[in-house]
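Source file: structure13.pdb. Holds: PDB, C-alpha atoms and all ligand atoms.
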```
ATOM      1  CA  MET A 121     -24.399  13.169   9.613  1.00  0.00           C
ATOM      2  CA  ILE A 122     -24.890  14.123   5.974  1.00  0.00           C
ATOM      3  CA  ILE A 123     -22.839  17.202   5.049  1.00  0.00           C
ATOM      4  CA  LEU A 124     -24.586  19.461   2.520  1.00  0.00           C
ATOM      5  CA  LYS A 125     -22.331  21.411   0.137  1.00  0.00           C
ATOM      6  CA  THR A 126     -22.666  24.973  -1.071  1.00  0.00           C
ATOM      7  CA  GLU A 127     -22.643  25.789  -4.779  1.00  0.00           C
ATOM      8  CA  GLU A 128     -19.048  26.929  -4.418  1.00  0.00           C
ATOM      9  CA  GLU A 129     -18.064  23.630  -2.835  1.00  0.00           C
ATOM     10  CA  ILE A 130     -19.881  21.684  -5.536  1.00  0.00           C
ATOM     11  CA  GLU A 131     -17.912  23.672  -8.117  1.00  0.00           C
ATOM     12  CA  LYS A 132     -14.679  22.510  -6.459  1.00  0.00           C
ATOM     13  CA  MET A 133     -15.972  18.949  -6.475  1.00  0.00           C
ATOM     14  CA  ARG A 134     -16.774  19.303 -10.156  1.00  0.00           C
ATOM     15  CA  ARG A 135     -13.161  20.293 -10.819  1.00  0.00           C
ATOM     16  CA  VAL A 136     -11.602  17.301  -9.056  1.00  0.00           C
ATOM     17  CA  ASN A 137     -14.177  14.833 -10.344  1.00  0.00           C
ATOM     18  CA  ARG A 138     -13.671  16.003 -13.904  1.00  0.00           C
ATOM     19  CA  MET A 139      -9.958  15.276 -13.490  1.00  0.00           C
ATOM     20  CA  VAL A 140     -10.823  11.769 -12.309  1.00  0.00           C
ATOM     21  CA  GLY A 141     -13.065  11.314 -15.354  1.00  0.00           C
ATOM     22  CA  GLU A 142     -10.346  12.557 -17.712  1.00  0.00           C
ATOM     23  CA  ILE A 143      -7.782  10.204 -16.219  1.00  0.00           C
ATOM     24  CA  LEU A 144     -10.156   7.225 -16.411  1.00  0.00           C
ATOM     25  CA  HIS A 145     -10.660   8.066 -20.083  1.00  0.00           C
ATOM     26  CA  ILE A 146      -6.881   8.046 -20.616  1.00  0.00           C
ATOM     27  CA  LEU A 147      -6.604   4.742 -18.725  1.00  0.00           C
ATOM     28  CA  LYS A 148      -9.343   3.214 -20.872  1.00  0.00           C
ATOM     29  CA  ASN A 149      -7.306   4.084 -23.966  1.00  0.00           C
ATOM     30  CA  ASN A 150      -4.271   2.386 -22.387  1.00  0.00           C
ATOM     31  CA  VAL A 151      -6.057  -0.923 -21.772  1.00  0.00           C
ATOM     32  CA  LYS A 152      -4.603  -3.424 -24.231  1.00  0.00           C
ATOM     33  CA  VAL A 153      -3.797  -7.138 -24.388  1.00  0.00           C
ATOM     34  CA  GLY A 154      -0.387  -7.754 -22.789  1.00  0.00           C
ATOM     35  CA  ILE A 155      -0.031  -4.677 -20.573  1.00  0.00           C
ATOM     36  CA  THR A 156       0.263  -5.083 -16.805  1.00  0.00           C
ATOM     37  CA  THR A 157      -2.129  -3.641 -14.262  1.00  0.00           C
ATOM     38  CA  GLU A 158       0.901  -1.872 -12.709  1.00  0.00           C
ATOM     39  CA  HIS A 159       1.366   0.002 -16.001  1.00  0.00           C
ATOM     40  CA  LEU A 160      -2.145   1.423 -15.600  1.00  0.00           C
ATOM     41  CA  ASN A 161      -1.318   2.433 -12.032  1.00  0.00           C
ATOM     42  CA  GLU A 162       1.769   4.306 -13.280  1.00  0.00           C
ATOM     43  CA  VAL A 163      -0.241   6.114 -15.952  1.00  0.00           C
ATOM     44  CA  ALA A 164      -2.797   7.136 -13.309  1.00  0.00           C
ATOM     45  CA  GLU A 165      -0.081   8.476 -10.985  1.00  0.00           C
ATOM     46  CA  ASN A 166       1.626  10.429 -13.776  1.00  0.00           C
ATOM     47  CA  GLU A 167      -1.633  12.003 -14.923  1.00  0.00           C
ATOM     48  CA  ALA A 168      -2.495  12.994 -11.341  1.00  0.00           C
ATOM     49  CA  LYS A 169       0.929  14.608 -10.958  1.00  0.00           C
ATOM     50  CA  LYS A 170       0.459  16.617 -14.174  1.00  0.00           C
ATOM     51  CA  ARG A 171      -2.721  18.050 -12.656  1.00  0.00           C
ATOM     52  CA  ASN A 172      -1.135  18.751  -9.243  1.00  0.00           C
ATOM     53  CA  ALA A 173      -3.704  16.444  -7.692  1.00  0.00           C
ATOM     54  CA  LYS A 174      -3.074  13.834  -5.025  1.00  0.00           C
ATOM     55  CA  CYS A 175      -4.104  10.203  -5.504  1.00  0.00           C
ATOM     56  CA  ALA A 176      -6.825   9.533  -2.958  1.00  0.00           C
ATOM     57  CA  PHE A 177      -6.536   5.773  -2.592  1.00  0.00           C
ATOM     58  CA  LYS A 178      -2.771   5.491  -2.141  1.00  0.00           C
ATOM     59  CA  GLY A 179      -2.257   4.765   1.553  1.00  0.00           C
ATOM     60  CA  TYR A 180      -5.988   4.955   2.278  1.00  0.00           C
ATOM     61  CA  GLY A 181      -6.506   2.346   4.990  1.00  0.00           C
ATOM     62  CA  GLY A 182      -3.096   1.045   3.905  1.00  0.00           C
ATOM     63  CA  PHE A 183      -4.024   0.431   0.235  1.00  0.00           C
ATOM     64  CA  PRO A 184      -0.640   0.256  -1.547  1.00  0.00           C
ATOM     65  CA  LYS A 185      -1.478   1.751  -4.981  1.00  0.00           C
ATOM     66  CA  ALA A 186      -3.166   4.772  -6.582  1.00  0.00           C
ATOM     67  CA  LEU A 187      -5.612   2.787  -8.711  1.00  0.00           C
ATOM     68  CA  CYS A 188      -7.838  -0.231  -8.050  1.00  0.00           C
ATOM     69  CA  THR A 189      -7.655  -2.755 -10.898  1.00  0.00           C
ATOM     70  CA  SER A 190     -10.143  -5.617 -10.600  1.00  0.00           C
ATOM     71  CA  VAL A 191     -10.079  -8.234 -13.358  1.00  0.00           C
ATOM     72  CA  ASN A 192     -12.946 -10.647 -14.242  1.00  0.00           C
ATOM     73  CA  GLU A 193     -14.163 -12.285 -10.985  1.00  0.00           C
ATOM     74  CA  GLU A 194     -12.461  -9.568  -8.935  1.00  0.00           C
ATOM     75  CA  VAL A 195     -15.186  -7.202  -7.740  1.00  0.00           C
ATOM     76  CA  VAL A 196     -13.267  -4.263  -6.218  1.00  0.00           C
ATOM     77  CA  HIS A 197      -9.965  -3.318  -4.554  1.00  0.00           C
ATOM     78  CA  GLY A 198      -7.713  -5.334  -6.889  1.00  0.00           C
ATOM     79  CA  ILE A 199      -4.074  -4.304  -6.413  1.00  0.00           C
ATOM     80  CA  PRO A 200      -2.082  -3.348  -9.536  1.00  0.00           C
ATOM     81  CA  SER A 201       0.861  -5.692 -10.120  1.00  0.00           C
ATOM     82  CA  ARG A 202       3.752  -6.136 -12.548  1.00  0.00           C
ATOM     83  CA  LYS A 203       2.860  -9.819 -12.581  1.00  0.00           C
ATOM     84  CA  ARG A 204      -0.722  -9.343 -13.770  1.00  0.00           C
ATOM     85  CA  ARG A 205      -0.899  -9.114 -17.557  1.00  0.00           C
ATOM     86  CA  LEU A 206      -4.212  -8.451 -19.265  1.00  0.00           C
ATOM     87  CA  LYS A 207      -5.419 -11.157 -21.641  1.00  0.00           C
ATOM     88  CA  GLU A 208      -7.775 -11.084 -24.584  1.00  0.00           C
ATOM     89  CA  GLY A 209     -11.326 -11.472 -23.265  1.00  0.00           C
ATOM     90  CA  ASP A 210     -10.691 -10.049 -19.773  1.00  0.00           C
ATOM     91  CA  ILE A 211     -12.764  -7.261 -18.310  1.00  0.00           C
ATOM     92  CA  ILE A 212     -11.118  -4.844 -15.892  1.00  0.00           C
ATOM     93  CA  SER A 213     -12.690  -2.441 -13.442  1.00  0.00           C
ATOM     94  CA  LEU A 214     -10.668   0.753 -12.947  1.00  0.00           C
ATOM     95  CA  ASP A 215     -11.576   2.658  -9.795  1.00  0.00           C
ATOM     96  CA  PHE A 216      -9.764   5.950  -9.219  1.00  0.00           C
ATOM     97  CA  GLY A 217      -9.881   8.852  -6.795  1.00  0.00           C
ATOM     98  CA  LEU A 218      -8.148  12.205  -6.381  1.00  0.00           C
ATOM     99  CA  ILE A 219      -7.926  15.023  -3.848  1.00  0.00           C
ATOM    100  CA  TYR A 220      -7.640  18.572  -5.144  1.00  0.00           C
ATOM    101  CA  ASP A 221      -8.283  21.868  -3.372  1.00  0.00           C
ATOM    102  CA  GLY A 222      -9.587  20.036  -0.303  1.00  0.00           C
ATOM    103  CA  PHE A 223     -12.174  17.888  -2.078  1.00  0.00           C
ATOM    104  CA  TYR A 224     -12.334  14.299  -3.236  1.00  0.00           C
ATOM    105  CA  GLY A 225     -13.320  12.858  -6.593  1.00  0.00           C
ATOM    106  CA  ASP A 226     -14.218   9.182  -7.123  1.00  0.00           C
ATOM    107  CA  SER A 227     -15.326   7.313 -10.226  1.00  0.00           C
ATOM    108  CA  ALA A 228     -15.003   3.864 -11.789  1.00  0.00           C
ATOM    109  CA  ILE A 229     -15.445   2.208 -15.170  1.00  0.00           C
ATOM    110  CA  THR A 230     -15.203  -1.354 -16.459  1.00  0.00           C
ATOM    111  CA  VAL A 231     -13.317  -1.854 -19.702  1.00  0.00           C
ATOM    112  CA  ALA A 232     -13.075  -4.770 -22.152  1.00  0.00           C
ATOM    113  CA  VAL A 233      -9.630  -6.137 -23.029  1.00  0.00           C
ATOM    114  CA  GLY A 234      -9.708  -6.896 -26.745  1.00  0.00           C
ATOM    115  CA  HIS A 235     -12.681  -9.003 -27.770  1.00  0.00           C
ATOM    116  CA  ILE A 236     -14.936 -10.185 -24.919  1.00  0.00           C
ATOM    117  CA  ASP A 237     -17.710 -12.789 -24.884  1.00  0.00           C
ATOM    118  CA  GLY A 238     -21.409 -11.916 -24.937  1.00  0.00           C
ATOM    119  CA  GLU A 239     -21.916 -12.740 -21.259  1.00  0.00           C
ATOM    120  CA  LYS A 240     -19.328 -10.197 -20.117  1.00  0.00           C
ATOM    121  CA  LYS A 241     -20.528  -7.610 -22.630  1.00  0.00           C
ATOM    122  CA  LYS A 242     -24.102  -7.869 -21.353  1.00  0.00           C
ATOM    123  CA  LEU A 243     -22.927  -7.698 -17.720  1.00  0.00           C
ATOM    124  CA  MET A 244     -20.994  -4.475 -18.418  1.00  0.00           C
ATOM    125  CA  GLU A 245     -23.906  -2.876 -20.286  1.00  0.00           C
ATOM    126  CA  VAL A 246     -26.430  -3.741 -17.580  1.00  0.00           C
ATOM    127  CA  THR A 247     -24.136  -2.512 -14.781  1.00  0.00           C
ATOM    128  CA  LYS A 248     -23.562   0.827 -16.520  1.00  0.00           C
ATOM    129  CA  GLU A 249     -27.273   1.239 -17.231  1.00  0.00           C
ATOM    130  CA  SER A 250     -28.112   0.367 -13.596  1.00  0.00           C
ATOM    131  CA  LEU A 251     -25.831   3.238 -12.505  1.00  0.00           C
ATOM    132  CA  TYR A 252     -27.671   5.693 -14.752  1.00  0.00           C
ATOM    133  CA  ARG A 253     -31.052   4.395 -13.557  1.00  0.00           C
ATOM    134  CA  GLY A 254     -29.919   4.992  -9.978  1.00  0.00           C
ATOM    135  CA  ILE A 255     -28.670   8.490 -10.809  1.00  0.00           C
ATOM    136  CA  SER A 256     -32.006   9.338 -12.452  1.00  0.00           C
ATOM    137  CA  GLN A 257     -33.695   8.912  -9.058  1.00  0.00           C
ATOM    138  CA  ALA A 258     -31.414  11.436  -7.335  1.00  0.00           C
ATOM    139  CA  HIS A 259     -33.913  14.303  -7.168  1.00  0.00           C
ATOM    140  CA  PRO A 260     -34.513  16.420  -4.086  1.00  0.00           C
ATOM    141  CA  GLY A 261     -37.608  15.102  -2.310  1.00  0.00           C
ATOM    142  CA  ASN A 262     -36.959  11.502  -3.363  1.00  0.00           C
ATOM    143  CA  TYR A 263     -35.416   9.107  -0.858  1.00  0.00           C
ATOM    144  CA  LEU A 264     -32.014   7.447  -0.839  1.00  0.00           C
ATOM    145  CA  TYR A 265     -33.354   3.941  -1.343  1.00  0.00           C
ATOM    146  CA  ASP A 266     -35.199   5.063  -4.482  1.00  0.00           C
ATOM    147  CA  ILE A 267     -31.686   5.089  -5.983  1.00  0.00           C
ATOM    148  CA  SER A 268     -30.955   1.653  -4.498  1.00  0.00           C
ATOM    149  CA  GLN A 269     -34.228   0.227  -5.771  1.00  0.00           C
ATOM    150  CA  ALA A 270     -33.686   1.471  -9.328  1.00  0.00           C
ATOM    151  CA  VAL A 271     -30.247  -0.174  -9.463  1.00  0.00           C
ATOM    152  CA  GLN A 272     -31.401  -3.420  -7.857  1.00  0.00           C
ATOM    153  CA  GLU A 273     -34.565  -3.923  -9.902  1.00  0.00           C
ATOM    154  CA  TYR A 274     -32.787  -3.326 -13.180  1.00  0.00           C
ATOM    155  CA  ALA A 275     -29.798  -5.604 -12.455  1.00  0.00           C
ATOM    156  CA  GLU A 276     -31.814  -8.397 -10.842  1.00  0.00           C
ATOM    157  CA  GLY A 277     -34.165  -8.308 -13.837  1.00  0.00           C
ATOM    158  CA  PHE A 278     -31.301  -9.915 -15.769  1.00  0.00           C
ATOM    159  CA  GLY A 279     -30.733 -12.518 -13.052  1.00  0.00           C
ATOM    160  CA  TYR A 280     -27.555 -10.834 -11.829  1.00  0.00           C
ATOM    161  CA  GLY A 281     -26.311 -10.611  -8.241  1.00  0.00           C
ATOM    162  CA  VAL A 282     -26.143  -7.169  -6.638  1.00  0.00           C
ATOM    163  CA  VAL A 283     -23.167  -6.943  -4.279  1.00  0.00           C
ATOM    164  CA  ARG A 284     -24.272  -6.184  -0.719  1.00  0.00           C
ATOM    165  CA  ASP A 285     -20.964  -6.165   1.151  1.00  0.00           C
ATOM    166  CA  TYR A 286     -19.746  -2.945  -0.529  1.00  0.00           C
ATOM    167  CA  VAL A 287     -21.799   0.161  -1.207  1.00  0.00           C
ATOM    168  CA  GLY A 288     -21.632   3.728  -2.491  1.00  0.00           C
ATOM    169  CA  HIS A 289     -21.118   6.671  -0.168  1.00  0.00           C
ATOM    170  CA  GLY A 290     -21.343  10.358   0.521  1.00  0.00           C
ATOM    171  CA  ILE A 291     -18.211  12.242  -0.596  1.00  0.00           C
ATOM    172  CA  GLY A 292     -16.767  15.719  -0.148  1.00  0.00           C
ATOM    173  CA  ARG A 293     -13.899  16.819   2.070  1.00  0.00           C
ATOM    174  CA  ASN A 294     -13.727  13.115   2.960  1.00  0.00           C
ATOM    175  CA  LEU A 295     -13.594  10.159   0.588  1.00  0.00           C
ATOM    176  CA  HIS A 296     -16.299   8.364   2.529  1.00  0.00           C
ATOM    177  CA  GLU A 297     -19.043  10.377   4.211  1.00  0.00           C
ATOM    178  CA  ASP A 298     -22.611   9.622   5.231  1.00  0.00           C
ATOM    179  CA  PRO A 299     -24.844   8.314   3.868  1.00  0.00           C
ATOM    180  CA  GLN A 300     -23.947   4.835   2.706  1.00  0.00           C
ATOM    181  CA  VAL A 301     -25.542   4.284  -0.717  1.00  0.00           C
ATOM    182  CA  PRO A 302     -26.491   0.607  -1.072  1.00  0.00           C
ATOM    183  CA  ASN A 303     -27.269  -0.851  -4.485  1.00  0.00           C
ATOM    184  CA  TYR A 304     -30.082  -2.911  -2.958  1.00  0.00           C
ATOM    185  CA  VAL A 305     -32.954  -1.871  -0.721  1.00  0.00           C
ATOM    186  CA  PRO A 306     -31.859  -2.816   2.803  1.00  0.00           C
ATOM    187  CA  SER A 307     -35.256  -2.363   4.469  1.00  0.00           C
ATOM    188  CA  ALA A 308     -38.840  -3.235   3.603  1.00  0.00           C
ATOM    189  CA  THR A 309     -40.242  -0.338   5.620  1.00  0.00           C
ATOM    190  CA  ASP A 310     -37.676   2.460   5.444  1.00  0.00           C
ATOM    191  CA  ARG A 311     -36.867   4.507   2.318  1.00  0.00           C
ATOM    192  CA  GLY A 312     -33.699   5.978   3.850  1.00  0.00           C
ATOM    193  CA  PRO A 313     -32.957   9.691   4.284  1.00  0.00           C
ATOM    194  CA  MET A 314     -34.698  12.217   2.051  1.00  0.00           C
ATOM    195  CA  LEU A 315     -32.478  13.532  -0.748  1.00  0.00           C
ATOM    196  CA  LYS A 316     -31.695  17.227  -0.385  1.00  0.00           C
ATOM    197  CA  VAL A 317     -30.096  19.942  -2.482  1.00  0.00           C
ATOM    198  CA  GLY A 318     -26.364  20.009  -1.713  1.00  0.00           C
ATOM    199  CA  MET A 319     -25.883  16.301  -1.101  1.00  0.00           C
ATOM    200  CA  THR A 320     -22.915  14.824  -2.955  1.00  0.00           C
ATOM    201  CA  ILE A 321     -22.772  11.060  -3.273  1.00  0.00           C
ATOM    202  CA  ALA A 322     -20.844   8.385  -5.145  1.00  0.00           C
ATOM    203  CA  ILE A 323     -23.194   5.802  -6.646  1.00  0.00           C
ATOM    204  CA  GLU A 324     -21.340   2.623  -7.574  1.00  0.00           C
ATOM    205  CA  PRO A 325     -23.167  -0.560  -8.513  1.00  0.00           C
ATOM    206  CA  MET A 326     -21.020  -3.707  -8.353  1.00  0.00           C
ATOM    207  CA  ILE A 327     -22.959  -6.333 -10.275  1.00  0.00           C
ATOM    208  CA  ASN A 328     -22.067 -10.025 -10.492  1.00  0.00           C
ATOM    209  CA  ALA A 329     -22.967 -12.460 -13.272  1.00  0.00           C
ATOM    210  CA  GLY A 330     -23.833 -15.037 -10.588  1.00  0.00           C
ATOM    211  CA  THR A 331     -24.200 -14.844  -6.823  1.00  0.00           C
ATOM    212  CA  TRP A 332     -23.995 -11.508  -4.984  1.00  0.00           C
ATOM    213  CA  ARG A 333     -21.784 -13.140  -2.379  1.00  0.00           C
ATOM    214  CA  THR A 334     -18.124 -12.174  -2.217  1.00  0.00           C
ATOM    215  CA  LYS A 335     -14.954 -13.022  -0.339  1.00  0.00           C
ATOM    216  CA  THR A 336     -11.627 -11.274   0.214  1.00  0.00           C
ATOM    217  CA  LEU A 337      -8.357 -12.839  -0.955  1.00  0.00           C
ATOM    218  CA  LYS A 338      -5.368 -13.407   1.336  1.00  0.00           C
ATOM    219  CA  ASP A 339      -3.783 -10.115   0.196  1.00  0.00           C
ATOM    220  CA  GLY A 340      -6.369  -8.514   2.484  1.00  0.00           C
ATOM    221  CA  TRP A 341      -7.777  -6.311  -0.313  1.00  0.00           C
ATOM    222  CA  THR A 342      -8.917  -8.071  -3.467  1.00  0.00           C
ATOM    223  CA  VAL A 343     -12.633  -8.862  -3.294  1.00  0.00           C
ATOM    224  CA  ILE A 344     -13.818 -11.668  -5.600  1.00  0.00           C
ATOM    225  CA  THR A 345     -17.156 -13.278  -6.363  1.00  0.00           C
ATOM    226  CA  LEU A 346     -17.763 -16.425  -4.321  1.00  0.00           C
ATOM    227  CA  ASP A 347     -18.657 -18.427  -7.473  1.00  0.00           C
ATOM    228  CA  LYS A 348     -15.750 -16.897  -9.489  1.00  0.00           C
ATOM    229  CA  LYS A 349     -18.145 -15.587 -12.133  1.00  0.00           C
ATOM    230  CA  PRO A 350     -17.311 -12.145 -13.549  1.00  0.00           C
ATOM    231  CA  SER A 351     -18.259  -8.852 -11.932  1.00  0.00           C
ATOM    232  CA  ALA A 352     -18.597  -5.311 -13.319  1.00  0.00           C
ATOM    233  CA  HIS A 353     -18.417  -1.920 -11.591  1.00  0.00           C
ATOM    234  CA  PHE A 354     -19.315   1.602 -12.674  1.00  0.00           C
ATOM    235  CA  GLU A 355     -19.270   4.678 -10.431  1.00  0.00           C
ATOM    236  CA  HIS A 356     -20.032   8.379 -10.677  1.00  0.00           C
ATOM    237  CA  THR A 357     -19.884  11.144  -8.104  1.00  0.00           C
ATOM    238  CA  ILE A 358     -23.011  13.252  -8.387  1.00  0.00           C
ATOM    239  CA  ALA A 359     -24.480  16.375  -6.792  1.00  0.00           C
ATOM    240  CA  ILE A 360     -28.165  16.765  -5.997  1.00  0.00           C
ATOM    241  CA  THR A 361     -29.324  20.190  -7.191  1.00  0.00           C
ATOM    242  CA  GLU A 362     -32.660  22.044  -7.438  1.00  0.00           C
ATOM    243  CA  SER A 363     -32.990  20.803 -10.991  1.00  0.00           C
ATOM    244  CA  GLY A 364     -31.999  17.194 -10.200  1.00  0.00           C
ATOM    245  CA  PRO A 365     -28.846  15.102 -10.353  1.00  0.00           C
ATOM    246  CA  VAL A 366     -25.663  16.529 -11.857  1.00  0.00           C
ATOM    247  CA  ILE A 367     -22.893  14.044 -12.682  1.00  0.00           C
ATOM    248  CA  LEU A 368     -19.630  15.624 -11.545  1.00  0.00           C
ATOM    249  CA  SER A 369     -17.276  12.893 -12.806  1.00  0.00           C
ATOM    250  CA  GLU A 370     -18.610  12.691 -16.368  1.00  0.00           C
ATOM    251  CA  VAL A 371     -16.362  13.856 -19.176  1.00  0.00           C
ATOM    252  CA  ASN A 372     -17.858  14.696 -22.545  1.00  0.00           C
TER     253      ASN A 372
HETATM  254 MG    MG B   1     -14.378   4.518  -6.508  1.00  0.00          MG
HETATM  255 MG    MG B   2     -16.454   5.085  -4.241  1.00  0.00          MG
END
```

Please re-express this file's structure in structure tokens.
Ligand code: MG
Ligand code: MG
Amino acid sequence: MIILKTEEEIEKMRRVNRMVGEILHILKNNVKVGITTEHLNEVAENEAKKRNAKCAFKGYGGFPKALCTSVNEEVVHGIPSRKRRLKEGDIISLDFGLIYDGFYGDSAITVAVGHIDGEKKKLMEVTKESLYRGISQAHPGNYLYDISQAVQEYAEGFGYGVVRDYVGHGIGRNLHEDPQVPNYVPSATDRGPMLKVGMTIAIEPMINAGTWRTKTLKDGWTVITLDKKPSAHFEHTIAITESGPVILSEVN
């Protein structure tokens, strides 16, 4: 069941999502050669505390940390560690969520560590653009898979693999609500549910330089590409309004 939100509820979601966006911006500025992924987790926790917000991922399904840090071939759900130091040329996906005043915020960015090669740079640019192309379809009266199609067509146009095993999601008083928001069109005949005013969804393309296929490491969390080629991830929480999509997690 898709839960529609009132304007007042969307305003609360704007507040928490803006905090997530602010903290991701701070984390981006902390990404440097030689720091550990655990350092980023600590920064995220401190910034959440300053805002009296609760970290949404910590303990969620047993996830041990506040932040997901996924480096290079890691797609999502990488676990911050004191042993993992960032190297020149890495790319790192930072996925963060908060709860504040009863509502969840969720957003992700991928950041370059120092100087990165052209292949990774292109992958990051295309993934971010695919997110915005998906968002641009989020008008009332369109259908859910119009979003999926926009992401998929753009990313596959560059020969990239669109991850199928993990998808975006509705969000609100729960981190994961209906509907699931795939980044590929899962049906040749169905366009998915119609988009309505008051829907709040997290759109989050995970795009691989090679195959779309993934596997999970023995830690039970870290998802990597099957061919070990790099992967990028960008995510925004948006609201569907009369006048179209509004990005709640964007910070200007
Ligand atoms: Mg996320
Ligand atoms: Mg999400």

Closest pair table for chain A residues within 10 Å of ligand MG 2 (chain B), all atoms listed in the file, as JSON lines:
```
{"residue": "A:Asp215", "atom": "CA", "partner": "B:MG2", "partner_atom": "MG", "distance": 7.8}
{"residue": "A:Phe216", "atom": "CA", "partner": "B:MG2", "partner_atom": "MG", "distance": 8.4}
{"residue": "A:Gly217", "atom": "CA", "partner": "B:MG2", "partner_atom": "MG", "distance": 8.0}
{"residue": "A:Gly225", "atom": "CA", "partner": "B:MG2", "partner_atom": "MG", "distance": 8.7}
{"residue": "A:Asp226", "atom": "CA", "partner": "B:MG2", "partner_atom": "MG", "distance": 5.5}
{"residue": "A:Ser227", "atom": "CA", "partner": "B:MG2", "partner_atom": "MG", "distance": 6.5}
{"residue": "A:Ala228", "atom": "CA", "partner": "B:MG2", "partner_atom": "MG", "distance": 7.8}
{"residue": "A:Tyr286", "atom": "CA", "partner": "B:MG2", "partner_atom": "MG", "distance": 9.4}
{"residue": "A:Val287", "atom": "CA", "partner": "B:MG2", "partner_atom": "MG", "distance": 7.9}
{"residue": "A:Gly288", "atom": "CA", "partner": "B:MG2", "partner_atom": "MG", "distance": 5.6}
{"residue": "A:His289", "atom": "CA", "partner": "B:MG2", "partner_atom": "MG", "distance": 6.4}
{"residue": "A:Gly290", "atom": "CA", "partner": "B:MG2", "partner_atom": "MG", "distance": 8.6}
{"residue": "A:Ile291", "atom": "CA", "partner": "B:MG2", "partner_atom": "MG", "distance": 8.2}
{"residue": "A:Leu295", "atom": "CA", "partner": "B:MG2", "partner_atom": "MG", "distance": 7.6}
{"residue": "A:His296", "atom": "CA", "partner": "B:MG2", "partner_atom": "MG", "distance": 7.5}
{"residue": "A:Val301", "atom": "CA", "partner": "B:MG2", "partner_atom": "MG", "distance": 9.8}
{"residue": "A:Ile321", "atom": "CA", "partner": "B:MG2", "partner_atom": "MG", "distance": 8.7}
{"residue": "A:Ala322", "atom": "CA", "partner": "B:MG2", "partner_atom": "MG", "distance": 5.6}
{"residue": "A:Ile323", "atom": "CA", "partner": "B:MG2", "partner_atom": "MG", "distance": 7.2}
{"residue": "A:Glu324", "atom": "CA", "partner": "B:MG2", "partner_atom": "MG", "distance": 6.4}
{"residue": "A:Pro325", "atom": "CA", "partner": "B:MG2", "partner_atom": "MG", "distance": 9.8}
{"residue": "A:Phe354", "atom": "CA", "partner": "B:MG2", "partner_atom": "MG", "distance": 9.6}
{"residue": "A:Glu355", "atom": "CA", "partner": "B:MG2", "partner_atom": "MG", "distance": 6.8}
{"residue": "A:His356", "atom": "CA", "partner": "B:MG2", "partner_atom": "MG", "distance": 8.1}
{"residue": "A:Thr357", "atom": "CA", "partner": "B:MG2", "partner_atom": "MG", "distance": 8.0}
```

Legend entry - Result set of the PyMOL selection byres (((chain A and resi 122) around 6) and not hetatm) on the coordinates above, as a PyMOL selection string: chain A and resi 121+123+298

Inset, instruction - Can you turn the PyMOL selection byres (((chain A and resi 145) around 12) and not hetatm) into a concrete residue list for this file, as a PyMOL selection string? - result: chain A and resi 138-144+146-151+160+163-164+167+214-216+227-231+369-372

Legend entry - Selected residue of minimal separation from Cys175 in chain A among A:Val196, A:Ile211, A:Ile219, A:Ala308, counting all atoms listed in the file: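 For Cys175 in chain A, the nearest of the candidates is A:Ile219.
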
Legend entry - Output check: residues returned by the PyMOL selection byres (((chain A and resi 212) around 12) and not hetatm), as JSON, numbers by chain: {"A": [147, 148, 150, 151, 152, 153, 156, 157, 160, 187, 188, 189, 190, 191, 192, 193, 194, 195, 196, 197, 198, 199, 200, 204, 205, 206, 207, 208, 209, 210, 211, 213, 214, 215, 228, 229, 230, 231, 232, 233, 234, 236, 240, 241, 244, 350, 351, 352, 353, 354]}

Supply range 330-337 of chain A as a short mmCIF file (atom, residue, chain, number, x, y, z; two decimals), keeping the file's coordinate frame, with N, CA, C and O atoms built in where the input has gaps.
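Writing done, so here's result25.cif:
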```cif
data_model
loop_
_atom_site.label_atom_id
_atom_site.label_comp_id
_atom_site.auth_asym_id
_atom_site.auth_seq_id
_atom_site.Cartn_x
_atom_site.Cartn_y
_atom_site.Cartn_z
N GLY A 330 -23.19 -13.98 -11.39
CA GLY A 330 -23.83 -15.04 -10.59
C GLY A 330 -24.26 -14.52 -9.23
O GLY A 330 -24.95 -13.51 -9.13
N THR A 331 -23.79 -15.20 -8.19
CA THR A 331 -24.20 -14.84 -6.82
C THR A 331 -23.70 -13.45 -6.41
O THR A 331 -22.65 -13.01 -6.87
N TRP A 332 -24.44 -12.80 -5.52
CA TRP A 332 -24.00 -11.51 -4.98
C TRP A 332 -22.91 -11.69 -3.93
O TRP A 332 -22.24 -10.73 -3.55
N ARG A 333 -22.72 -12.92 -3.49
CA ARG A 333 -21.78 -13.14 -2.38
C ARG A 333 -20.33 -12.99 -2.82
O ARG A 333 -19.98 -13.34 -3.94
N THR A 334 -19.53 -12.46 -1.91
CA THR A 334 -18.12 -12.17 -2.22
C THR A 334 -17.23 -12.72 -1.11
O THR A 334 -17.71 -13.06 -0.02
N LYS A 335 -15.94 -12.77 -1.41
CA LYS A 335 -14.95 -13.02 -0.34
C LYS A 335 -13.69 -12.24 -0.65
O LYS A 335 -13.47 -11.81 -1.78
N THR A 336 -12.87 -12.04 0.37
CA THR A 336 -11.63 -11.27 0.21
C THR A 336 -10.44 -12.23 0.16
O THR A 336 -10.36 -13.18 0.95
N LEU A 337 -9.54 -11.98 -0.81
CA LEU A 337 -8.36 -12.84 -0.96
C LEU A 337 -7.37 -12.60 0.19
O LEU A 337 -7.49 -11.64 0.95
#
```
